[in-house]
Every structure is written in C-alpha cells, then in structure tokens.
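Trainee: As input, take model_38.cif (mmCIF, C-alpha atoms):
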data_work
#
loop_
_atom_site.label_atom_id
_atom_site.label_comp_id
_atom_site.auth_asym_id
_atom_site.auth_seq_id
_atom_site.Cartn_x
_atom_site.Cartn_y
_atom_site.Cartn_z
CA MET U 762 -1.26 9.01 64.20
CA ASN U 763 2.30 8.54 63.20
CA LYS U 764 4.91 6.24 64.60
CA SER U 765 8.15 7.98 63.71
CA SER U 766 11.42 6.07 63.75
CA TRP U 767 14.11 8.73 63.62
CA GLN U 768 16.77 9.02 66.30
CA SER U 769 16.35 12.41 67.90
CA ARG U 770 18.40 14.53 70.24
CA ARG U 771 16.47 16.22 73.04
CA ARG U 772 15.55 19.70 71.85
CA HIS U 773 13.44 22.49 73.25
CA GLY U 774 12.98 25.99 72.00
CA ARG U 775 12.83 27.63 68.60
CA ARG U 776 14.50 26.52 65.43
CA SER U 777 13.90 28.63 62.36
CA HIS U 778 15.40 27.84 59.00
CA GLN U 779 14.06 27.94 55.48
CA GLN U 780 15.05 25.39 52.90
CA ASN U 781 13.72 24.63 49.45
CA PRO U 782 11.75 22.44 48.70
CA TRP U 783 11.08 21.45 52.30
CA TYR U 784 11.32 23.17 55.66
CA ARG U 785 14.09 21.85 57.88
CA LEU U 786 12.70 21.83 61.40
CA HIS U 787 15.54 20.31 63.43
CA ASP U 788 19.21 20.65 62.56
CA PRO U 789 20.08 24.20 61.39
CA GLU U 790 22.98 22.93 59.28
CA ASP U 791 22.14 22.27 55.65
CA ARG U 792 22.95 18.59 55.62
CA SER U 793 20.64 17.73 52.76
CA ASP U 794 22.17 20.26 50.39
CA SER U 795 25.68 19.19 51.38
CA GLN U 796 24.76 15.55 50.74
CA THR U 797 23.33 16.45 47.36
CA ALA U 798 26.43 18.44 46.46
CA GLN U 799 28.72 15.69 47.71
CA SER U 800 26.80 13.07 45.73
CA ALA U 801 27.05 15.17 42.59
CA GLN U 802 30.76 15.71 43.23
CA ASP U 803 31.34 12.01 43.76
CA SER U 804 29.51 11.29 40.52
CA SER U 805 31.66 13.78 38.60
CA HIS U 806 34.87 12.29 40.01
CA GLY U 807 33.61 8.82 39.30
CA ASP U 808 33.13 9.64 35.62
CA ASP U 809 36.90 10.05 35.29
CA GLU U 810 37.52 6.52 36.48
CA SER U 811 34.41 4.54 35.58
CA PRO U 812 31.79 4.80 32.86
CA SER U 813 28.36 6.37 33.24
CA THR U 814 25.59 4.08 34.38
CA SER U 815 22.81 5.35 32.11
CA SER U 816 22.00 1.84 30.91
CA GLY U 817 18.38 2.71 30.18
CA THR U 818 19.05 5.29 27.46
CA ALA U 819 18.04 4.97 23.83
CA GLY U 820 21.67 4.69 22.75
CA ALA U 821 22.21 1.60 24.85
CA SER U 822 19.15 -0.12 23.42
CA SER U 823 20.51 0.10 19.84
CA VAL U 824 23.57 -2.09 20.51
CA PRO U 825 23.60 -5.83 21.16
CA GLU U 826 23.93 -7.06 24.74
CA LEU U 827 26.98 -9.18 25.49
CA PRO U 828 26.88 -11.50 28.52
CA GLY U 829 29.23 -10.27 31.22
CA PHE U 830 29.67 -6.83 29.64
CA TYR U 831 28.10 -3.40 30.12
CA PHE U 832 27.80 -0.89 27.24
CA ASP U 833 28.31 2.77 28.12
CA PRO U 834 26.36 4.94 25.61
CA GLU U 835 28.44 8.03 26.45
CA LYS U 836 31.86 6.44 25.89
CA LYS U 837 30.47 4.11 23.21
CA ARG U 838 32.35 1.05 24.40
CA TYR U 839 31.85 -2.15 26.38
CA PHE U 840 33.16 -2.69 29.91
CA ARG U 841 33.55 -6.03 31.62
CA LEU U 842 31.35 -6.71 34.65
CA LEU U 843 33.16 -8.43 37.51
CA PRO U 844 31.70 -10.00 40.68
CA GLY U 845 30.70 -7.52 43.38
CA HIS U 846 33.39 -8.75 45.80
CA ASN U 847 36.24 -7.78 43.45
CA ASN U 848 37.63 -4.59 44.97
CA CYS U 849 39.97 -3.92 42.04
CA ASN U 850 37.12 -3.19 39.62
CA PRO U 851 34.44 -0.77 40.90
CA LEU U 852 32.12 -1.53 37.94
CA THR U 853 29.71 -4.24 39.10
CA LYS U 854 26.00 -4.79 38.59
CA GLU U 855 25.38 -3.66 42.17
CA SER U 856 27.40 -0.46 41.76
CA ILE U 857 25.57 0.31 38.51
CA ARG U 858 22.21 -0.19 40.20
CA GLN U 859 23.15 1.96 43.20
CA LYS U 860 24.48 4.76 41.00
CA GLU U 861 21.33 4.74 38.88
CA MET U 862 19.13 4.91 42.01
CA GLU U 863 21.14 7.82 43.42
CA SER U 864 20.98 9.64 40.08
CA LYS U 865 17.21 9.20 40.01
CA ARG U 866 16.90 10.47 43.60
CA LEU U 867 18.91 13.62 42.87
CA ARG U 868 16.87 14.29 39.72
CA LEU U 869 13.60 14.02 41.65
CA LEU U 870 14.95 16.30 44.37
CA GLU U 871 15.54 18.94 41.71
CA GLU U 872 11.94 18.54 40.55
CA GLU U 873 10.72 18.89 44.15
CA ASP U 874 12.53 22.23 44.28
CA LYS U 875 9.88 23.61 41.92
CA GLN U 876 6.95 22.72 44.22
CA LYS U 877 5.08 25.45 46.10
CA LYS U 878 5.25 25.81 49.86
CA ALA U 879 2.32 25.66 52.26
CA ASP U 880 1.44 27.66 55.39
CA THR U 881 0.26 25.83 58.49
CA ASN U 882 -0.75 26.64 62.05
CA SER U 883 0.06 24.15 64.79
CA ASP U 884 -0.32 20.47 65.48
CA ARG U 885 1.19 17.72 67.58
CA LEU U 886 2.73 14.38 66.79
CA PHE U 887 3.45 11.50 69.10
CA THR U 888 6.87 10.15 68.17
CA VAL U 889 8.82 7.01 68.96
CA ASN U 890 12.57 7.36 68.45
CA ASP U 891 14.83 4.30 68.21
CA VAL U 892 17.97 4.54 70.32
CA LYS U 893 21.26 3.09 69.06
CA VAL U 894 22.08 1.43 72.38
CA GLY U 895 18.69 -0.31 72.37
CA GLY U 896 15.21 0.68 73.45
CA SER U 897 13.19 3.76 72.52
CA LYS U 898 12.49 7.34 73.51
CA TYR U 899 8.96 8.61 73.06
CA GLY U 900 7.21 11.92 73.46
CA ILE U 901 5.09 14.59 71.78
CA ILE U 902 6.34 17.15 69.26
CA ASN U 903 4.39 20.40 69.09
CA LEU U 904 4.41 22.18 65.73
CA GLN U 905 3.45 25.81 66.06
CA SER U 906 3.03 28.61 63.49
CA LEU U 907 4.63 26.78 60.59
CA LYS U 908 4.44 29.82 58.32
CA THR U 909 7.10 31.10 56.01
CA PRO U 910 9.66 32.38 56.72
CA THR U 911 9.46 31.72 60.49
CA LEU U 912 9.35 28.02 61.39
CA LYS U 913 9.19 26.70 64.93
CA VAL U 914 9.17 23.23 66.41
CA PHE U 915 9.03 22.39 70.12
CA MET U 916 10.22 19.07 71.48
CA HIS U 917 8.93 18.64 75.02
CA GLU U 918 11.69 18.08 77.54
CA ASN U 919 9.95 15.28 79.41
CA LEU U 920 10.75 12.49 76.97
CA TYR U 921 10.23 9.01 78.34
CA PHE U 922 12.74 6.22 77.80
CA THR U 923 12.28 2.46 77.74
CA ASN U 924 14.91 -0.19 77.17
CA ARG U 925 12.30 -2.24 75.33
CA LYS U 926 11.24 -1.93 71.72
CA VAL U 927 7.95 -0.14 71.00
CA ASN U 928 6.25 -2.46 68.52
CA SER U 929 3.06 -0.51 67.93
CA VAL U 930 1.46 2.77 69.03
CA CYS U 931 -1.84 4.59 68.51
CA TRP U 932 -3.89 7.45 69.96
CA ALA U 933 -6.54 6.45 72.50
CA SER U 934 -9.70 8.43 73.36
CA LEU U 935 -10.54 7.54 76.96
CA ASN U 936 -11.45 10.86 78.63
CA HIS U 937 -11.81 12.80 75.38
CA LEU U 938 -10.54 12.59 71.80
CA ASP U 939 -6.84 11.64 71.74
CA SER U 940 -6.57 11.96 75.53
CA HIS U 941 -4.13 9.03 75.82
CA ILE U 942 -1.45 7.12 73.93
CA LEU U 943 -1.46 3.33 73.72
CA LEU U 944 1.99 1.71 73.41
CA CYS U 945 2.79 -1.97 72.92
CA LEU U 946 6.20 -2.87 74.37
CA MET U 947 8.09 -6.05 73.56
CA GLY U 948 9.23 -8.31 76.37
CA LEU U 949 12.86 -8.24 77.48
CA ALA U 950 14.62 -11.12 79.25
CA GLU U 951 12.31 -12.09 82.12
CA THR U 952 10.14 -8.98 81.75
CA PRO U 953 6.97 -9.80 79.79
CA GLY U 954 5.57 -7.61 77.05
CA CYS U 955 2.84 -5.15 77.91
CA ALA U 956 0.38 -2.58 76.58
CA THR U 957 0.66 0.76 78.39
CA LEU U 958 -1.96 3.51 78.36
CA LEU U 959 -0.41 6.93 79.00
CA PRO U 960 -2.27 10.25 79.34
CA ALA U 961 -1.08 12.74 76.73
CA SER U 962 -0.86 15.33 79.53
CA LEU U 963 2.25 13.55 80.84
CA PHE U 964 4.23 15.03 77.97
CA VAL U 965 3.08 18.63 78.44
CA ASN U 966 5.33 20.97 80.41
CA SER U 967 2.65 23.52 81.30
CA HIS U 968 1.38 21.85 84.49
CA PRO U 969 2.35 23.68 87.71
CA ALA U 970 4.69 21.88 90.05
CA GLY U 971 3.05 19.79 92.72
CA ILE U 972 -0.26 19.41 90.87
CA ASP U 973 -1.12 15.92 89.68
CA ARG U 974 -1.56 15.65 85.96
CA PRO U 975 -5.01 14.37 85.03
CA GLY U 976 -5.66 11.11 83.24
CA MET U 977 -5.45 7.36 83.70
CA LEU U 978 -2.12 5.57 83.53
CA CYS U 979 -2.29 1.79 83.44
CA SER U 980 -0.44 -1.20 82.03
CA PHE U 981 -1.63 -4.63 80.89
CA ARG U 982 0.59 -7.68 80.56
CA ILE U 983 0.36 -8.71 76.91
CA PRO U 984 3.01 -10.98 75.37
CA GLY U 985 4.47 -9.97 72.02
CA ALA U 986 1.91 -7.62 70.48
CA TRP U 987 2.49 -6.90 66.78
CA SER U 988 -0.27 -4.31 66.44
CA CYS U 989 -2.85 -2.35 68.42
CA ALA U 990 -6.03 -0.35 67.81
CA TRP U 991 -8.36 1.78 69.94
CA SER U 992 -12.13 1.48 69.56
CA LEU U 993 -14.35 4.51 68.98
CA ASN U 994 -17.38 2.26 68.50
CA ILE U 995 -19.96 2.65 71.29
CA GLN U 996 -20.52 -1.13 71.34
CA ALA U 997 -16.87 -1.59 72.31
CA ASN U 998 -16.52 1.48 74.49
CA ASN U 999 -13.24 1.98 76.41
CA CYS U 1000 -11.72 -1.02 74.64
CA PHE U 1001 -8.53 -1.61 72.72
CA SER U 1002 -7.30 -4.56 70.71
CA THR U 1003 -3.85 -6.08 70.35
CA GLY U 1004 -2.75 -8.38 67.56
CA LEU U 1005 -0.56 -11.17 68.89
CA SER U 1006 1.00 -14.34 67.54
CA ARG U 1007 -2.02 -16.40 66.43
CA ARG U 1008 -4.38 -14.46 68.67
CA VAL U 1009 -6.39 -11.24 68.96
CA LEU U 1010 -6.90 -9.88 72.47
CA LEU U 1011 -9.71 -7.41 73.22
CA THR U 1012 -9.35 -5.53 76.53
CA ASN U 1013 -11.70 -3.17 78.38
CA VAL U 1014 -9.46 -0.69 80.23
CA VAL U 1015 -12.15 0.24 82.78
CA THR U 1016 -13.40 -3.21 83.81
CA GLY U 1017 -10.30 -5.21 82.89
CA HIS U 1018 -12.49 -7.74 81.02
CA ARG U 1019 -10.72 -9.58 78.19
CA GLN U 1020 -11.78 -11.61 75.18
CA SER U 1021 -9.38 -13.78 73.19
CA PHE U 1022 -9.89 -14.82 69.57
CA GLY U 1023 -7.66 -17.54 68.13
CA THR U 1024 -6.20 -17.11 64.64
CA ASN U 1025 -4.00 -19.16 62.32
CA SER U 1026 -1.32 -16.48 61.90
CA ASP U 1027 0.33 -13.45 63.48
CA VAL U 1028 -1.91 -10.35 63.41
CA LEU U 1029 0.16 -7.46 62.00
CA ALA U 1030 -2.50 -4.78 61.40
CA GLN U 1031 -5.83 -3.81 63.00
CA GLN U 1032 -8.59 -1.20 62.81
CA PHE U 1033 -12.04 -0.89 64.40
CA ALA U 1034 -15.04 0.12 62.31
CA LEU U 1035 -17.02 3.04 63.71
CA MET U 1036 -20.61 2.44 62.54
CA VAL U 1037 -20.72 -1.35 62.86
CA PRO U 1038 -19.21 -3.46 65.67
CA LEU U 1039 -16.41 -4.99 63.59
CA LEU U 1040 -12.66 -5.24 64.13
CA PHE U 1041 -10.62 -5.79 60.95
CA ASN U 1042 -7.33 -7.68 61.16
CA GLY U 1043 -4.48 -8.27 58.68
CA CYS U 1044 -2.33 -11.36 59.12
CA ARG U 1045 1.14 -12.57 58.19
CA SER U 1046 -0.52 -15.35 56.17
CA GLY U 1047 -2.15 -12.76 53.89
CA GLU U 1048 -5.64 -13.22 55.33
CA ILE U 1049 -7.78 -10.24 56.30
CA PHE U 1050 -10.74 -11.01 58.54
CA ALA U 1051 -13.28 -9.08 60.59
CA ILE U 1052 -14.33 -9.99 64.14
CA ASP U 1053 -18.01 -9.42 64.94
CA LEU U 1054 -17.79 -8.01 68.47
CA ARG U 1055 -21.40 -8.99 69.20
CA CYS U 1056 -20.78 -12.72 68.87
CA GLY U 1057 -18.22 -13.27 71.62
CA ASN U 1058 -15.27 -15.57 71.24
CA GLN U 1059 -17.14 -18.89 71.39
CA GLY U 1060 -17.52 -20.97 68.24
CA LYS U 1061 -16.64 -19.75 64.74
CA GLY U 1062 -19.44 -17.26 64.09
CA TRP U 1063 -17.30 -14.25 65.01
CA LYS U 1064 -15.52 -14.16 61.63
CA ALA U 1065 -17.70 -11.78 59.62
CA THR U 1066 -15.59 -11.07 56.51
CA ARG U 1067 -12.59 -12.78 54.91
CA LEU U 1068 -10.27 -11.40 52.22
CA PHE U 1069 -6.93 -12.75 50.98
CA HIS U 1070 -3.62 -11.29 49.83
CA ASP U 1071 -0.69 -13.35 48.52
CA SER U 1072 1.71 -11.95 51.11
CA ALA U 1073 1.80 -10.72 54.70
CA VAL U 1074 -0.62 -7.83 55.26
CA THR U 1075 1.11 -4.82 56.86
CA SER U 1076 -1.71 -2.25 56.94
CA VAL U 1077 -5.53 -2.13 56.80
CA ARG U 1078 -7.52 1.12 56.52
CA ILE U 1079 -11.32 1.32 56.50
CA LEU U 1080 -12.83 4.06 54.36
CA GLN U 1081 -15.38 6.41 55.92
CA ASP U 1082 -18.52 4.80 54.47
CA GLU U 1083 -17.20 1.45 55.78
CA GLN U 1084 -18.07 -0.29 52.53
CA TYR U 1085 -14.45 -0.36 51.33
CA LEU U 1086 -11.14 -1.37 52.86
CA MET U 1087 -7.60 -0.53 51.74
CA ALA U 1088 -4.80 -3.01 52.44
CA SER U 1089 -1.09 -3.33 51.64
CA ASP U 1090 1.24 -6.31 51.89
CA MET U 1091 4.91 -7.31 51.87
CA ALA U 1092 4.82 -7.98 48.13
CA GLY U 1093 4.25 -4.26 47.45
CA LYS U 1094 0.57 -4.72 46.55
CA ILE U 1095 -1.96 -2.08 47.58
CA LYS U 1096 -5.57 -3.11 46.99
CA LEU U 1097 -8.97 -1.52 47.49
CA TRP U 1098 -11.58 -4.10 48.53
CA ASP U 1099 -15.36 -3.89 48.29
CA LEU U 1100 -16.54 -5.36 51.60
CA ARG U 1101 -20.01 -6.08 50.22
CA THR U 1102 -18.78 -8.32 47.39
CA THR U 1103 -15.39 -9.23 48.99
CA LYS U 1104 -13.71 -8.43 45.65
CA CYS U 1105 -10.68 -6.28 44.84
CA ILE U 1106 -11.88 -3.36 42.73
CA ARG U 1107 -8.67 -1.33 42.36
CA GLN U 1108 -4.89 -1.67 42.70
CA TYR U 1109 -2.35 1.11 43.26
CA GLU U 1110 0.84 0.43 41.32
CA GLY U 1111 4.39 1.51 42.11
CA HIS U 1112 4.68 0.71 45.83
CA VAL U 1113 7.90 -1.14 46.75
CA ASN U 1114 8.03 -3.61 49.63
CA GLU U 1115 9.70 -6.97 50.06
CA TYR U 1116 9.60 -7.65 53.79
CA ALA U 1117 9.19 -4.38 55.74
CA TYR U 1118 6.36 -3.41 58.10
CA LEU U 1119 5.10 -0.29 56.28
CA PRO U 1120 1.84 1.63 56.94
CA LEU U 1121 -0.74 3.20 54.61
CA HIS U 1122 -2.14 6.72 54.99
CA VAL U 1123 -5.60 7.25 53.47
CA HIS U 1124 -6.99 10.80 53.29
CA GLU U 1125 -10.45 10.86 51.76
CA GLU U 1126 -10.98 14.60 52.20
CA GLU U 1127 -8.07 15.28 49.84
CA GLY U 1128 -8.78 12.12 47.81
CA ILE U 1129 -5.26 10.73 48.16
CA LEU U 1130 -3.36 7.67 49.34
CA VAL U 1131 0.17 8.03 50.76
CA ALA U 1132 2.73 5.26 51.33
CA VAL U 1133 6.49 5.08 51.86
CA GLY U 1134 8.21 2.21 50.05
CA GLN U 1135 11.17 0.15 51.07
CA ASP U 1136 13.10 2.04 48.37
CA CYS U 1137 12.65 5.18 50.57
CA TYR U 1138 10.34 6.93 48.06
CA THR U 1139 7.11 8.48 49.31
CA ARG U 1140 4.32 8.05 46.75
CA ILE U 1141 0.98 9.82 46.56
CA TRP U 1142 -1.86 8.30 44.50
CA SER U 1143 -5.31 9.52 43.58
CA LEU U 1144 -7.68 7.55 45.76
CA HIS U 1145 -10.38 7.55 43.07
CA ASP U 1146 -8.53 6.34 39.95
CA ALA U 1147 -5.22 4.99 41.38
CA HIS U 1148 -3.19 7.46 39.30
CA LEU U 1149 0.27 8.15 40.75
CA LEU U 1150 0.25 11.90 41.47
CA ARG U 1151 3.63 12.54 43.05
CA THR U 1152 6.83 10.71 43.98
CA ILE U 1153 8.99 12.30 46.69
CA PRO U 1154 12.56 11.01 47.13
CA SER U 1155 14.15 10.78 50.53
CA PRO U 1156 16.45 13.71 51.39
CA TYR U 1157 18.95 11.02 52.42
CA PRO U 1158 20.50 8.38 50.12
CA ALA U 1159 18.33 5.25 50.11
CA SER U 1160 19.07 2.97 53.05
CA LYS U 1161 17.18 0.19 54.82
CA ALA U 1162 18.06 1.89 58.11
CA ASP U 1163 16.64 5.28 57.05
CA ILE U 1164 13.20 4.54 55.58
CA PRO U 1165 11.23 7.79 56.12
CA SER U 1166 8.18 8.02 58.34
CA VAL U 1167 5.44 10.38 57.17
CA ALA U 1168 2.26 12.03 58.46
CA PHE U 1169 -0.21 13.85 56.22
CA SER U 1170 -2.91 16.28 57.31
CA SER U 1171 -5.58 18.09 55.30
CA ARG U 1172 -5.29 20.90 57.86
CA LEU U 1173 -1.78 20.60 59.17
CA GLY U 1174 -1.83 22.74 62.28
CA GLY U 1175 -5.57 22.83 62.98
CA SER U 1176 -8.78 24.11 61.40
CA ARG U 1177 -7.04 26.99 59.58
CA GLY U 1178 -4.08 24.92 58.41
CA ALA U 1179 -3.23 23.96 54.85
CA PRO U 1180 -2.65 20.44 53.48
CA GLY U 1181 0.88 19.25 54.09
CA LEU U 1182 3.14 16.24 54.53
CA LEU U 1183 5.64 15.87 57.36
CA MET U 1184 8.56 13.53 56.74
CA ALA U 1185 10.94 12.24 59.42
CA VAL U 1186 14.24 10.73 58.30
CA GLY U 1187 17.53 10.47 60.15
CA GLN U 1188 17.49 13.21 62.79
CA ASP U 1189 15.53 15.67 60.68
CA LEU U 1190 11.91 16.65 60.13
CA TYR U 1191 10.78 18.04 56.77
CA CYS U 1192 7.57 19.75 55.65
CA TYR U 1193 6.25 19.37 52.10
CA SER U 1194 3.40 21.30 50.54
CA TYR U 1195 0.45 19.62 48.89
CA SER U 1196 -1.71 21.27 46.25
#
Would you encode the structure as structure tokens?
Mentor:
Amino acid sequence: MNKSSWQSRRRHGRRSHQQNPWYRLHDPEDRSDSQTAQSAQDSSHGDDESPSTSSGTAGASSVPELPGFYFDPEKKRYFRLLPGHNNCNPLTKESIRQKEMESKRLRLLEEEDKQKKADTNSDRLFTVNDVKVGGSKYGIINLQSLKTPTLKVFMHENLYFTNRKVNSVCWASLNHLDSHILLCLMGLAETPGCATLLPASLFVNSHPAGIDRPGMLCSFRIPGAWSCAWSLNIQANNCFSTGLSRRVLLTNVVTGHRQSFGTNSDVLAQQFALMVPLLFNGCRSGEIFAIDLRCGNQGKGWKATRLFHDSAVTSVRILQDEQYLMASDMAGKIKLWDLRTTKCIRQYEGHVNEYAYLPLHVHEEEGILVAVGQDCYTRIWSLHDAHLLRTIPSPYPASKADIPSVAFSSRLGGSRGAPGLLMAVGQDLYCYSYS
C-alpha cells in the first residue's frame, strides 16, 4: 500500500519513454535531465563569481579555521561569511550547505545511471494526490507490461475529488483480498471527519453502463484520525482501527459495533498482527503499545506490550513471525524490537527526519528495509545486518514540498514480475531496478 503525494494531471492512455537510470512514466519531456543540466550549468556559472563549496576536502582540513571565514581549497584563499539575509554577498553558510547538497545529489544521480534495469508485468497502486487549491484527488493507477523499451501506465479517468485532506489510507479486504480502500478524511468547517470504505471496483472503467458496481460503500463519522489499519485477523474479522487524538477506535463495518481505547497521546501509526489478536500502535509521545483485542476496553489489562522511543513514532511494521517489530520516529531513529524481551536489538543508521510523518517499507522476502528521509533521499538497508545497501537521490532538487513517495515490490507487476521500486515525486513516476 502506498499513499502517494504527488500532484497529478488526469491522464489515460499510453505513455512510452525510456530514461536512464529510471523509467519516466508520466511526462514525456525530459525534465529530470534538463534540471540536472541546468544545475550543472548554474554551478559552472557560479564558480566565476563565488568560490567552490567543497569544504569537506582534504585540502581544507590542512588549514586553520578562522571564525567568520570560509577557506576555498581550489582558490586557496579565505572568504568572509556574511549573514544569510545579506543579498549583496551570495556566500553564506546556508548557500554553502545547499550547494554541497545539490552537488552530492547530482553525483549520486550519475552513480544511479550505472544501475541495471528491471522488467516487470503489471500492478496497481492506490494514489492520493494533493491539490494546490486544497483537498485531494484519489484513484488507482494501473501499471501494465513495464518491460523495456515499451513502458505503459494507465491512470483511470474516474478520479474522485474531495475538498478535505486525506490523512491516512490503506487497503481493506472485505469481500476478498484488497477489495476495498479505507480513507480517513479530516473534518472541514462544520463537516466532521470520517472514515470511508470504498470498493476498488469504483475506480475501474471496465464495468458496462447501467450495471451496478459490486462492493460495499459506507462511511463512519470519526473525528480527526491520524492513522488507520485493516484487520486480517479472524478474531477481529471485518474490523478496522483508527488512531485518533488520545484514543484508538475499533470499528466492525458489518455490525457497526465500536470499541474505544483511551491513550495518553495521539496515535500516529497502527498495524494488526495476523497470528495473535493484537493491534500495535505508535504514539506522538514515543510510546508503542499493543492492544489485546480479547480483553475489551474495560480496565487496564488490554495493554499487552509497551516499548518506548525518544520521539514521536511515525511508522510501525510487524515482521512475519510476529516476534519482532520495526519502528521509526521523528528523530530519524529506526529500531528493530524483540517483542519477547521488549529490547531494541538493531538500529538502522542514516535515516533523516526531524518532524515529518514518514513511513517504513519492510520486505522480508528480499531482506531489505526502505525509507525516504526528510532530505529526499531514499535509503535501502539490509534487514539482517542493518548495512546501508543503496542511497537513491531524488530526481528533483531537495525540497520539503517534494519529498518522494515510494512503493517496493518483490514481484512488481505480479507473480512473474521482478523486484523494483516505484518513486513518485512532483508530477512524475519513476521505476528503479533492484538486484
């Protein structure tokens, strides 16, 4: 499941274009290459007027540091650093930092150019697209026959629009696996927030006119949900959970029965266990706790497990054997917890986050962990030894407004597909190989 956040124009039909090192699936114009060329050109022009920003080189380390000055190892001289608001002097600490980050991004893009491509079959993604005027568009993207050199992407025409923000979204298996989509919408003015269950068939254009599309469509009034999760556990059949401000709400969509569990903090992340009747929750306070669904909401016996981070927990992922749990927080920490001993047994270094709501993607079949940082870099770690395997820069210059959204699949496109990573940024969708 992937909640994408790129702004998309309505498209339907075939787009085929090959680009190295990724496949461009939306805009046929080569914006990424033009941005790279423009950035390189800007850097070359900037060298005529301002010194290079390679402050981390060996040459710079051999000279003494002077407060308020920056030493350029290429020009072998000091330059005065002025406050960032002085428009007469472009050389500031902030401009140096930004130029170094852009130089690093372009260097990594060149390294990505050497990576191999992957063939895939077809798949589908449910996407939520932020709209500049407010609200969101949402729909399903079908990816079909993603094989070189012919690449096709289909955006269904029947996109739905809401003037409210979609806070959380997940697949729901009511009639069959992934038969529905569960969306949590924020309240607007006098309209309360709600959780809406939509049949995936609503977004498919193949139904003949005049024939009702199958599936249940229902909405539940739920104020301010931060997170949601669908249960595949038979002891919580046909149920979903929403994480609210200081409360967890469990709802049965067939009977309408609800259970409320009070908490001490906002619940930002949730996931149901499959083999045991537990619902794991990550809170803004840094606490992670499990709700024992057999105990009901009376008393305090429903808290089965408690773990603690030092910052707000943004994602929790239960591993398949359900003896371990992966969690990330707003301090950039990613930890693997042993649920039997309630101890952290491994940390994954390099993730960058200060305050953003960023997900984790755990793929045990491939033995990897994927996360996008607030610095717009996508990092892939070995799940088993926490070694950083690959760092993928954003095709766009780093921006808080353009943090990529990613989805990884061991069989991208179905049972015959190959491993691959899809990245959404800006108005574009990219495909990266994995080997």
Trainee: Excluding range 1086-1093 of chain U and residues on its chain fewer than 4 positions from it, collect all residues at most 6 Å away from it, counting only C-alpha atoms, and give them as an NGL selection string.
Mentor: :U and (1072-1080 or 1097-1098 or 1112-1116)
Trainee: Just need the box for range 933-950 of chain U, edges along x, y and z, holding every atom the file lists for it with 8 Å tacked onto each side, so centre and edge lengths in Å to one decimal, as lines of an AutoDock Vina configuration file.
Mentor:
center_x = 1.4
center_y = 0.8
center_z = 75.5
size_x = 42.4
size_y = 39.9
size_z = 23.5
Trainee: Suppose a student applies the PyMOL selection byres ((chain U and resi 1166) around 6) to this structure; what residues should they get, written as an NGL selection string?
Mentor: :U and (765 or 1165 or 1167 or 1184-1185)
Trainee: Can you list, as a PyMOL selection string, the residues that the PyMOL selection byres ((chain U and resi 923) around 12) selects here?
Mentor: chain U and resi 889-892+894-900+920-922+924-927+944-949+957
Trainee: My list of candidates is U:Arg858, U:Val1015, U:Pro1180, U:Gly985. Which is closest to Asn999 in chain U when distances are computed with all atoms listed in the file?
Mentor: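 Under the stated criterion, the closest residue is U:Val1015.
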Trainee: Show me the residues close to (15.1, 8.5, 41.7) - anything with an atom within 12 Å, counting only C-alpha atoms - and format the list as a list in words.
Mentor: Arg858, Gln859, Lys860, Glu861, Met862, Glu863, Ser864, Lys865, Arg866, Leu867, Arg868, Leu869, Leu870, Glu871, Glu872, Glu873, Asp1136, Cys1137, Tyr1138, Thr1139, Arg1140, Thr1152, Ile1153, Pro1154, Ser1155, Pro1156, Tyr1157, Pro1158 and Ala1159 of chain U
Trainee: Output the residue selection produced by the PyMOL selection byres ((chain U and resi 942) around 10) on the file above, formatted as a PyMOL selection string.
Mentor: chain U and resi 762+887+900+930-935+939-941+943-944+957-962+978+991
Trainee: Please write the residues from the selection above to a file, keeping C-alpha atoms, as a compact mmCIF listing (two decimals), in the frame of the given file.
Mentor:
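Final file, out.txt:
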# COMPACT_ATOMS: atom_id res chain seq x y z
CA MET U 762 -1.26 9.01 64.20
CA PHE U 887 3.45 11.50 69.10
CA GLY U 900 7.21 11.92 73.46
CA VAL U 930 1.46 2.77 69.03
CA CYS U 931 -1.84 4.59 68.51
CA TRP U 932 -3.89 7.45 69.96
CA ALA U 933 -6.54 6.45 72.50
CA SER U 934 -9.70 8.43 73.36
CA LEU U 935 -10.54 7.54 76.96
CA ASP U 939 -6.84 11.64 71.74
CA SER U 940 -6.57 11.96 75.53
CA HIS U 941 -4.13 9.03 75.82
CA LEU U 943 -1.46 3.33 73.72
CA LEU U 944 1.99 1.71 73.41
CA THR U 957 0.66 0.76 78.39
CA LEU U 958 -1.96 3.51 78.36
CA LEU U 959 -0.41 6.93 79.00
CA PRO U 960 -2.27 10.25 79.34
CA ALA U 961 -1.08 12.74 76.73
CA SER U 962 -0.86 15.33 79.53
CA LEU U 978 -2.12 5.57 83.53
CA TRP U 991 -8.36 1.78 69.94
Trainee: What does the distance between CA of Asp1163 in chain U and CA of Ile1049 in chain U come to in Å, to one decimal place?
Mentor: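 Value for the CA of Asp1163 in chain U-CA of Ile1049 in chain U distance: 28.9 Å.
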Trainee: Nearest to Gly1043 in chain U: which of U:Ser1021, U:Gln1081, U:Thr1003, U:Gln1108 is it, counting only C-alpha atoms?
Mentor: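 For Gly1043 in chain U, the nearest of the given residues is U:Thr1003.
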Trainee: What is the CA of Ile983 in chain U-CA of Val1123 in chain U distance in Å, reported with one decimal?
Mentor: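 Taking CA of Ile983 in chain U as the start and CA of Val1123 in chain U as the end point, the length is 29.0 Å.
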Trainee: For each of U:Cys1044, U:Gln1020, U:Ile995, U:Thr1066, take the minimum atom-to-atom distance to Arg1007 in chain U, counting all atoms listed in the file, then give the residue where this is smallest.
Mentor: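 Going through U:Cys1044, U:Gln1020, U:Ile995, U:Thr1066 one by one, the smallest distance to Arg1007 in chain U is for U:Cys1044.
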Trainee: Skipping near chain neighbours, those fewer than 6 positions away, what residues fall within 8 Å of Phe1001 in chain U using all atoms listed in the file, listed as a PyMOL selection string?
Mentor: chain U and resi 989-992+1011-1014
Trainee: Just to confirm, what's the straight-line distance from CA of Asn1025 in chain U to CA of Ile1095 in chain U in Å (one decimal)?
Mentor: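 A separation of 22.7 Å between them.
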